[in-house]
Amino acid sequence: GKKPIKKPIKSARIEEFLFEKLDWKVPSRITNAELLGQYMQDAAKEFDLGMPYGNTLEKVGECEKRLGEAEKEFLQTSAISFLTPLRNFLEGDWRTISKERRLLENLRLDLDACKTRVKKAKVAEAKAAAEHELRIAQTEFDRQAEVTRLLLEGISSTHVNHLRCLHEFVEAQAAYYKQCHLQMQELQKELGRPSHLPLPPRLPNAFALNSTNAIATPSMVTEGSSSPVETDTLKIEEVQAPATGTRKARVLYDYDAADSSELSLLADELITVYTVPGMDSDWLIGEKGNHKGKVPVTYLELLS
């Protein structure tokens, strides 16, 4: 016959198994974030740290390494404060309790069998023997029940201890995510936006006058605004889709409209997009259903 195929141990490595069984200290492994940060910093040197891209890549790589170090610290803390006590309990006290409970169950079955034999005994001698066995079985069952009861009573204090461990785990996890958030905020603050990269236009006057479809007059106002728009502004409501040039696009990321001239987007939805004369190249007009407005090109994947 065919030899059985040995399945690999899931989510475990042989060296970790050996370290655990030999009671050695498991060396801390480099995290994915640390590895990514190192690769970024190595690549930054190739791109020249004096250039904007290389300099930014170096900073992002350093932040990734700090995130990886924070993750490593969190894993070590959670292992000490929560996972190790839990594993010790499962492999120690709980294993003992489970063993004693199984033994109690077996003795209960023996006791039930003895009671049945006493009921079925017809002859006095057989009944006396059955009753003797019943007394022995009852004594053994009572003794085992007391042992199991005492072990189970200790569970309450164990629960208190593990409840504290669970709180410590949650605190460590909250501190870890807070640290990551602060690291990313610092990175964003440090990077800012390079002066040679202008911010994409977010104001209603992003559309120039040279559209022949509709030209706003000083009396026209944008939705939700009490002041008239400038004479070189197009109203989104009056922009007409061109007969040709429309394309389908898939939204890559969620986008919240900054004002009434923009269109909010949800990741993975499909919209129709097109441009109008004089429109900034960073933006397109997007339509979905009865709604339309400006959408940033970088949030889209053009499909056709």
# chains A, B, ... in the order shown; residues from 1 in each chain; ligands from 1

$ residues_around --residues "Gly54 (chain A)" --least-positions-apart "6" --cutoff "7 Å" --atoms "only C-alpha atoms" --output "ChimeraX atom specification"
/A:44-45,47-48

$ residues_around --residues "region 170-185 of chain A" --least-positions-apart "4" --cutoff "12 Å" --atoms "only C-alpha atoms" --output "NGL selection string"
:A and (33 or 59-82 or 163-166 or 189-192)

$ write_last_selection --atoms "N, CA, C and O atoms" --output "CSV table (one decimal), in the first residue's frame"
chain,number,residue,atom,x,y,z
A,33,ALA,N,8.4,44.2,9.2
A,33,ALA,CA,8.5,45.6,9.1
A,33,ALA,C,10.0,46.0,9.2
A,33,ALA,O,10.5,46.9,8.4
A,59,LYS,N,13.9,57.9,5.1
A,59,LYS,CA,13.1,58.2,6.2
A,59,LYS,C,12.0,57.2,6.5
A,59,LYS,O,11.8,56.8,7.6
A,60,VAL,N,11.4,56.8,5.4
A,60,VAL,CA,10.3,55.8,5.5
A,60,VAL,C,10.9,54.5,6.0
A,60,VAL,O,10.3,53.8,6.8
A,61,GLY,N,12.0,54.1,5.5
A,61,GLY,CA,12.7,52.9,5.9
A,61,GLY,C,13.0,52.9,7.4
A,61,GLY,O,12.8,51.9,8.1
A,62,GLU,N,13.5,54.0,7.9
A,62,GLU,CA,13.8,54.2,9.3
A,62,GLU,C,12.5,54.0,10.1
A,62,GLU,O,12.5,53.4,11.2
A,63,CYS,N,11.4,54.6,9.7
A,63,CYS,CA,10.2,54.5,10.4
A,63,CYS,C,9.7,53.0,10.4
A,63,CYS,O,9.2,52.6,11.4
A,64,GLU,N,9.8,52.4,9.3
A,64,GLU,CA,9.4,51.0,9.2
A,64,GLU,C,10.2,50.1,10.2
A,64,GLU,O,9.6,49.2,10.8
A,65,LYS,N,11.5,50.4,10.3
A,65,LYS,CA,12.3,49.6,11.3
A,65,LYS,C,11.8,49.9,12.7
A,65,LYS,O,11.8,49.0,13.5
A,66,ARG,N,11.5,51.2,13.0
A,66,ARG,CA,10.9,51.5,14.4
A,66,ARG,C,9.6,50.7,14.6
A,66,ARG,O,9.4,50.3,15.7
A,67,LEU,N,8.8,50.7,13.6
A,67,LEU,CA,7.5,49.9,13.7
A,67,LEU,C,7.8,48.5,14.0
A,67,LEU,O,7.1,47.8,14.8
A,68,GLY,N,8.8,47.9,13.3
A,68,GLY,CA,9.1,46.5,13.5
A,68,GLY,C,9.6,46.3,14.9
A,68,GLY,O,9.3,45.2,15.5
A,69,GLU,N,10.4,47.2,15.4
A,69,GLU,CA,10.9,47.1,16.8
A,69,GLU,C,9.8,47.1,17.8
A,69,GLU,O,9.8,46.4,18.8
A,70,ALA,N,8.8,48.0,17.5
A,70,ALA,CA,7.7,48.1,18.4
A,70,ALA,C,6.9,46.8,18.4
A,70,ALA,O,6.4,46.3,19.4
A,71,GLU,N,6.7,46.2,17.2
A,71,GLU,CA,6.0,44.9,17.1
A,71,GLU,C,6.7,43.8,17.9
A,71,GLU,O,6.1,43.0,18.6
A,72,LYS,N,8.0,43.8,17.7
A,72,LYS,CA,8.8,42.8,18.4
A,72,LYS,C,8.7,42.9,19.9
A,72,LYS,O,8.5,41.9,20.7
A,73,GLU,N,8.7,44.2,20.4
A,73,GLU,CA,8.5,44.4,21.8
A,73,GLU,C,7.1,44.0,22.3
A,73,GLU,O,7.0,43.4,23.4
A,74,PHE,N,6.1,44.3,21.5
A,74,PHE,CA,4.8,43.9,21.8
A,74,PHE,C,4.6,42.4,21.9
A,74,PHE,O,4.0,41.8,22.8
A,75,LEU,N,5.2,41.7,20.9
A,75,LEU,CA,5.2,40.2,20.9
A,75,LEU,C,5.8,39.6,22.2
A,75,LEU,O,5.3,38.7,22.8
A,76,GLN,N,7.0,40.2,22.5
A,76,GLN,CA,7.7,39.7,23.7
A,76,GLN,C,6.9,40.0,25.0
A,76,GLN,O,6.8,39.1,25.9
A,77,THR,N,6.3,41.2,25.1
A,77,THR,CA,5.5,41.5,26.2
A,77,THR,C,4.3,40.6,26.4
A,77,THR,O,4.0,40.1,27.5
A,78,SER,N,3.6,40.4,25.3
A,78,SER,CA,2.3,39.6,25.3
A,78,SER,C,2.7,38.1,25.6
A,78,SER,O,1.9,37.4,26.3
A,79,ALA,N,3.8,37.7,25.1
A,79,ALA,CA,4.2,36.3,25.4
A,79,ALA,C,4.5,36.1,26.9
A,79,ALA,O,4.1,35.1,27.5
A,80,ILE,N,5.1,37.1,27.5
A,80,ILE,CA,5.4,37.0,29.0
A,80,ILE,C,4.2,37.2,29.8
A,80,ILE,O,4.0,36.4,30.8
A,81,SER,N,3.4,38.2,29.5
A,81,SER,CA,2.3,38.6,30.4
A,81,SER,C,1.0,37.7,30.1
A,81,SER,O,0.2,37.7,31.0
A,82,PHE,N,0.9,37.1,29.0
A,82,PHE,CA,-0.4,36.4,28.7
A,82,PHE,C,-0.2,35.0,28.1
A,82,PHE,O,-0.8,34.1,28.7
A,163,LEU,N,-7.5,36.7,34.3
A,163,LEU,CA,-8.2,38.0,34.0
A,163,LEU,C,-7.2,39.1,34.0
A,163,LEU,O,-7.2,40.0,33.1
A,164,ARG,N,-6.4,39.1,35.0
A,164,ARG,CA,-5.3,40.2,35.1
A,164,ARG,C,-4.4,40.1,33.9
A,164,ARG,O,-4.0,41.1,33.3
A,165,CYS,N,-4.0,38.9,33.5
A,165,CYS,CA,-3.1,38.7,32.3
A,165,CYS,C,-3.8,39.2,31.1
A,165,CYS,O,-3.1,39.8,30.2
A,166,LEU,N,-5.1,39.0,31.0
A,166,LEU,CA,-5.8,39.4,29.8
A,166,LEU,C,-5.9,40.9,29.7
A,166,LEU,O,-5.7,41.5,28.6
A,189,LYS,N,4.6,64.1,9.5
A,189,LYS,CA,5.0,65.5,9.8
A,189,LYS,C,6.4,65.8,9.2
A,189,LYS,O,6.7,66.9,8.7
A,190,GLU,N,7.3,64.8,9.3
A,190,GLU,CA,8.6,65.0,8.9
A,190,GLU,C,8.7,65.1,7.4
A,190,GLU,O,9.4,65.9,6.8
A,191,LEU,N,7.9,64.3,6.7
A,191,LEU,CA,7.9,64.3,5.2
A,191,LEU,C,7.2,65.5,4.7
A,191,LEU,O,7.7,66.1,3.7
A,192,GLY,N,6.1,65.9,5.3
A,192,GLY,CA,5.3,67.0,4.8
A,192,GLY,C,5.0,66.8,3.4
A,192,GLY,O,4.7,65.7,2.9

$ residues_around --residues "region 136-146 of chain A" --least-positions-apart "4" --cutoff "12 Å" --atoms "only C-alpha atoms" --output "PyMOL selection string"
chain A and resi 97+99-115+129-132+150-153

$ residues_around --residues "Glu58 (chain A)" --least-positions-apart "6" --cutoff "9 Å" --atoms "only C-alpha atoms" --output "list of chain:residue names"
A:Gly37, A:Met40, A:Gln41, A:Asp42, A:Ala43, A:Ala44, A:Lys45, A:Leu49

$ residues_around --residues "Asp256 (chain A)" --least-positions-apart "2" --cutoff "12 Å" --atoms "only C-alpha atoms" --output "PyMOL selection string"
chain A and resi 202+253-254+258-267+293-296+299

$ write_last_selection --atoms "all heavy atoms" --output "short mmCIF file (atom, residue, chain, number, x, y, z; two decimals), in the first residue's frame"
data_model
loop_
_atom_site.label_atom_id
_atom_site.label_comp_id
_atom_site.auth_asym_id
_atom_site.auth_seq_id
_atom_site.Cartn_x
_atom_site.Cartn_y
_atom_site.Cartn_z
N ARG A 202 -8.26 71.86 -4.79
CA ARG A 202 -9.44 71.35 -4.10
C ARG A 202 -10.55 72.39 -4.07
O ARG A 202 -11.59 72.17 -3.48
CB ARG A 202 -9.09 70.97 -2.67
CG ARG A 202 -8.01 69.91 -2.57
CD ARG A 202 -7.75 69.56 -1.12
NE ARG A 202 -8.93 68.93 -0.54
CZ ARG A 202 -9.16 67.62 -0.57
NH1 ARG A 202 -8.31 66.81 -1.14
NH2 ARG A 202 -10.25 67.11 -0.04
N TYR A 253 -9.16 53.70 -3.66
CA TYR A 253 -9.25 53.98 -2.23
C TYR A 253 -10.49 54.82 -1.94
O TYR A 253 -11.00 55.51 -2.81
CB TYR A 253 -8.02 54.78 -1.73
CG TYR A 253 -6.71 54.38 -2.36
CD1 TYR A 253 -6.13 55.14 -3.38
CD2 TYR A 253 -6.06 53.22 -1.95
CE1 TYR A 253 -4.93 54.77 -3.96
CE2 TYR A 253 -4.86 52.84 -2.53
CZ TYR A 253 -4.30 53.61 -3.54
OH TYR A 253 -3.12 53.24 -4.11
N ASP A 254 -10.97 54.74 -0.72
CA ASP A 254 -12.07 55.62 -0.30
C ASP A 254 -11.61 57.08 -0.37
O ASP A 254 -10.45 57.39 -0.10
CB ASP A 254 -12.49 55.31 1.14
CG ASP A 254 -13.17 53.95 1.26
OD1 ASP A 254 -13.45 53.34 0.22
OD2 ASP A 254 -13.42 53.52 2.40
N ALA A 258 -14.10 67.06 -0.28
CA ALA A 258 -13.75 68.19 0.59
C ALA A 258 -14.82 69.27 0.54
O ALA A 258 -14.98 70.03 1.49
CB ALA A 258 -12.40 68.77 0.17
N ASP A 259 -15.55 69.35 -0.55
CA ASP A 259 -16.64 70.34 -0.67
C ASP A 259 -17.64 69.83 -1.70
O ASP A 259 -17.51 68.73 -2.24
CB ASP A 259 -16.08 71.72 -1.05
CG ASP A 259 -15.22 71.66 -2.31
OD1 ASP A 259 -15.67 71.05 -3.30
OD2 ASP A 259 -14.10 72.22 -2.30
N SER A 260 -18.64 70.67 -1.98
CA SER A 260 -19.74 70.23 -2.86
C SER A 260 -19.32 70.06 -4.31
O SER A 260 -20.06 69.48 -5.10
CB SER A 260 -20.89 71.24 -2.77
OG SER A 260 -20.44 72.54 -3.17
N SER A 261 -18.13 70.56 -4.68
CA SER A 261 -17.70 70.40 -6.07
C SER A 261 -17.07 69.04 -6.32
O SER A 261 -16.86 68.66 -7.46
CB SER A 261 -16.69 71.51 -6.43
OG SER A 261 -15.46 71.29 -5.77
N GLU A 262 -16.77 68.29 -5.25
CA GLU A 262 -16.11 67.00 -5.39
C GLU A 262 -17.09 65.86 -5.18
O GLU A 262 -18.19 66.05 -4.65
CB GLU A 262 -14.95 66.89 -4.40
CG GLU A 262 -13.86 67.91 -4.65
CD GLU A 262 -12.73 67.80 -3.65
OE1 GLU A 262 -12.72 66.86 -2.83
OE2 GLU A 262 -11.83 68.67 -3.69
N LEU A 263 -16.67 64.67 -5.60
CA LEU A 263 -17.51 63.48 -5.51
C LEU A 263 -16.85 62.49 -4.56
O LEU A 263 -15.68 62.16 -4.72
CB LEU A 263 -17.66 62.84 -6.90
CG LEU A 263 -18.55 61.60 -7.01
CD1 LEU A 263 -20.01 61.97 -6.73
CD2 LEU A 263 -18.43 60.97 -8.41
N SER A 264 -17.59 62.06 -3.54
CA SER A 264 -17.05 61.06 -2.62
C SER A 264 -16.98 59.70 -3.30
O SER A 264 -17.85 59.36 -4.12
CB SER A 264 -17.91 60.97 -1.36
OG SER A 264 -17.81 62.16 -0.61
N LEU A 265 -15.97 58.92 -2.97
CA LEU A 265 -15.74 57.64 -3.62
C LEU A 265 -15.59 56.53 -2.59
O LEU A 265 -15.15 56.76 -1.47
CB LEU A 265 -14.46 57.70 -4.48
CG LEU A 265 -14.39 58.79 -5.55
CD1 LEU A 265 -13.01 58.81 -6.17
CD2 LEU A 265 -15.46 58.57 -6.62
N LEU A 266 -15.93 55.33 -3.00
CA LEU A 266 -15.72 54.13 -2.18
C LEU A 266 -14.84 53.17 -2.96
O LEU A 266 -15.00 52.99 -4.17
CB LEU A 266 -17.05 53.45 -1.83
CG LEU A 266 -18.00 54.23 -0.93
CD1 LEU A 266 -19.32 53.50 -0.78
CD2 LEU A 266 -17.36 54.47 0.44
N ALA A 267 -13.90 52.55 -2.27
CA ALA A 267 -12.96 51.64 -2.93
C ALA A 267 -13.71 50.54 -3.69
O ALA A 267 -14.73 50.03 -3.21
CB ALA A 267 -12.02 51.03 -1.90
N GLY A 293 -18.97 65.02 -9.84
CA GLY A 293 -18.10 65.99 -9.20
C GLY A 293 -16.66 65.66 -9.51
O GLY A 293 -16.35 64.67 -10.18
N LYS A 294 -15.75 66.50 -9.02
CA LYS A 294 -14.34 66.28 -9.27
C LYS A 294 -13.83 65.09 -8.47
O LYS A 294 -14.23 64.90 -7.32
CB LYS A 294 -13.54 67.53 -8.87
CG LYS A 294 -13.84 68.75 -9.72
CD LYS A 294 -12.93 69.90 -9.29
CE LYS A 294 -13.17 70.26 -7.82
NZ LYS A 294 -12.26 71.33 -7.36
N VAL A 295 -12.93 64.32 -9.09
CA VAL A 295 -12.31 63.19 -8.41
C VAL A 295 -10.81 63.22 -8.71
O VAL A 295 -10.39 63.54 -9.82
CB VAL A 295 -12.92 61.85 -8.87
CG1 VAL A 295 -14.36 61.72 -8.41
CG2 VAL A 295 -12.85 61.69 -10.38
N PRO A 296 -9.96 62.89 -7.73
CA PRO A 296 -8.52 62.89 -7.95
C PRO A 296 -8.08 61.69 -8.78
O PRO A 296 -8.50 60.56 -8.52
CB PRO A 296 -7.94 62.83 -6.53
CG PRO A 296 -9.01 62.20 -5.72
CD PRO A 296 -10.32 62.60 -6.32
N TYR A 299 -6.59 58.40 -7.28
CA TYR A 299 -7.45 57.46 -6.58
C TYR A 299 -8.14 56.49 -7.53
O TYR A 299 -8.98 55.71 -7.12
CB TYR A 299 -8.53 58.22 -5.78
CG TYR A 299 -8.03 58.78 -4.47
CD1 TYR A 299 -7.06 59.77 -4.44
CD2 TYR A 299 -8.53 58.31 -3.25
CE1 TYR A 299 -6.60 60.29 -3.24
CE2 TYR A 299 -8.07 58.83 -2.04
CZ TYR A 299 -7.11 59.83 -2.05
OH TYR A 299 -6.66 60.32 -0.86
#

$ decode --residues "region 144-158 of chain A" --atoms "all heavy atoms" --output "CSV table (one decimal), in the first residue's frame"
chain,number,residue,atom,x,y,z
A,144,GLN,N,-12.6,10.2,44.7
A,144,GLN,CA,-12.2,10.9,43.5
A,144,GLN,C,-13.0,12.2,43.3
A,144,GLN,O,-12.5,13.2,42.7
A,144,GLN,CB,-12.4,10.0,42.3
A,144,GLN,CG,-11.9,10.5,40.9
A,144,GLN,CD,-10.4,10.9,41.0
A,144,GLN,OE1,-9.6,10.2,41.6
A,144,GLN,NE2,-10.0,12.0,40.3
A,145,ALA,N,-14.3,12.2,43.7
A,145,ALA,CA,-15.1,13.4,43.6
A,145,ALA,C,-14.5,14.5,44.4
A,145,ALA,O,-14.6,15.7,44.0
A,145,ALA,CB,-16.5,13.1,44.0
A,146,GLU,N,-14.0,14.2,45.6
A,146,GLU,CA,-13.5,15.2,46.5
A,146,GLU,C,-12.2,15.8,45.9
A,146,GLU,O,-12.0,17.0,45.9
A,146,GLU,CB,-13.2,14.6,47.8
A,146,GLU,CG,-12.6,15.5,48.9
A,146,GLU,CD,-13.5,16.7,49.2
A,146,GLU,OE1,-14.7,16.6,48.9
A,146,GLU,OE2,-13.0,17.6,49.8
A,147,VAL,N,-11.3,14.9,45.3
A,147,VAL,CA,-10.1,15.4,44.6
A,147,VAL,C,-10.4,16.3,43.5
A,147,VAL,O,-9.9,17.4,43.4
A,147,VAL,CB,-9.3,14.2,44.1
A,147,VAL,CG1,-8.1,14.7,43.2
A,147,VAL,CG2,-8.7,13.4,45.3
A,148,THR,N,-11.4,15.9,42.7
A,148,THR,CA,-11.8,16.7,41.5
A,148,THR,C,-12.4,18.1,42.0
A,148,THR,O,-12.1,19.1,41.4
A,148,THR,CB,-12.8,16.0,40.6
A,148,THR,OG1,-12.2,14.7,40.3
A,148,THR,CG2,-13.1,16.7,39.4
A,149,ARG,N,-13.2,18.0,43.0
A,149,ARG,CA,-13.8,19.2,43.6
A,149,ARG,C,-12.8,20.2,44.0
A,149,ARG,O,-12.9,21.4,43.7
A,149,ARG,CB,-14.8,18.9,44.7
A,149,ARG,CG,-15.6,20.1,45.3
A,149,ARG,CD,-16.4,19.7,46.5
A,149,ARG,NE,-15.6,19.3,47.6
A,149,ARG,CZ,-15.0,20.1,48.4
A,149,ARG,NH1,-15.1,21.4,48.2
A,149,ARG,NH2,-14.2,19.7,49.4
A,150,LEU,N,-11.8,19.7,44.7
A,150,LEU,CA,-10.7,20.6,45.2
A,150,LEU,C,-10.0,21.3,44.1
A,150,LEU,O,-9.6,22.5,44.1
A,150,LEU,CB,-9.8,19.9,46.1
A,150,LEU,CG,-10.4,19.4,47.5
A,150,LEU,CD1,-9.4,18.5,48.2
A,150,LEU,CD2,-10.8,20.6,48.3
A,151,LEU,N,-9.7,20.5,43.0
A,151,LEU,CA,-9.0,21.0,41.9
A,151,LEU,C,-9.8,22.1,41.2
A,151,LEU,O,-9.3,23.1,40.8
A,151,LEU,CB,-8.6,19.9,40.9
A,151,LEU,CG,-7.5,18.9,41.3
A,151,LEU,CD1,-7.4,17.7,40.4
A,151,LEU,CD2,-6.2,19.7,41.4
A,152,LEU,N,-11.1,21.8,41.0
A,152,LEU,CA,-12.0,22.7,40.3
A,152,LEU,C,-12.2,24.0,41.1
A,152,LEU,O,-12.4,25.1,40.6
A,152,LEU,CB,-13.3,22.1,40.0
A,152,LEU,CG,-13.3,21.0,38.9
A,152,LEU,CD1,-14.7,20.3,38.8
A,152,LEU,CD2,-12.9,21.6,37.6
A,153,GLU,N,-12.1,23.9,42.5
A,153,GLU,CA,-12.3,25.1,43.3
A,153,GLU,C,-11.1,26.1,43.0
A,153,GLU,O,-11.2,27.3,43.2
A,153,GLU,CB,-12.3,24.7,44.8
A,153,GLU,CG,-13.7,24.2,45.2
A,153,GLU,CD,-13.8,23.9,46.7
A,153,GLU,OE1,-12.7,23.9,47.3
A,153,GLU,OE2,-14.9,23.6,47.1
A,154,GLY,N,-9.9,25.5,42.7
A,154,GLY,CA,-8.8,26.3,42.4
A,154,GLY,C,-8.9,27.1,41.1
A,154,GLY,O,-8.1,28.0,40.9
A,155,ILE,N,-9.9,26.7,40.3
A,155,ILE,CA,-10.1,27.4,39.0
A,155,ILE,C,-10.4,28.9,39.2
A,155,ILE,O,-10.0,29.7,38.4
A,155,ILE,CB,-11.2,26.7,38.2
A,155,ILE,CG1,-10.7,25.3,37.7
A,155,ILE,CG2,-11.6,27.6,37.0
A,155,ILE,CD1,-9.6,25.4,36.6
A,156,SER,N,-11.2,29.2,40.3
A,156,SER,CA,-11.6,30.5,40.5
A,156,SER,C,-10.4,31.5,40.7
A,156,SER,O,-10.4,32.6,40.1
A,156,SER,CB,-12.5,30.6,41.7
A,156,SER,OG,-11.9,30.1,42.9
A,157,SER,N,-9.4,31.0,41.5
A,157,SER,CA,-8.2,31.9,41.6
A,157,SER,C,-7.4,32.0,40.4
A,157,SER,O,-6.8,33.0,40.0
A,157,SER,CB,-7.4,31.3,42.8
A,157,SER,OG,-6.9,30.0,42.5
A,158,THR,N,-7.4,30.9,39.6
A,158,THR,CA,-6.8,30.9,38.3
A,158,THR,C,-7.4,31.9,37.3
A,158,THR,O,-6.8,32.6,36.6
A,158,THR,CB,-6.8,29.5,37.7
A,158,THR,OG1,-6.2,28.5,38.6
A,158,THR,CG2,-6.1,29.4,36.3
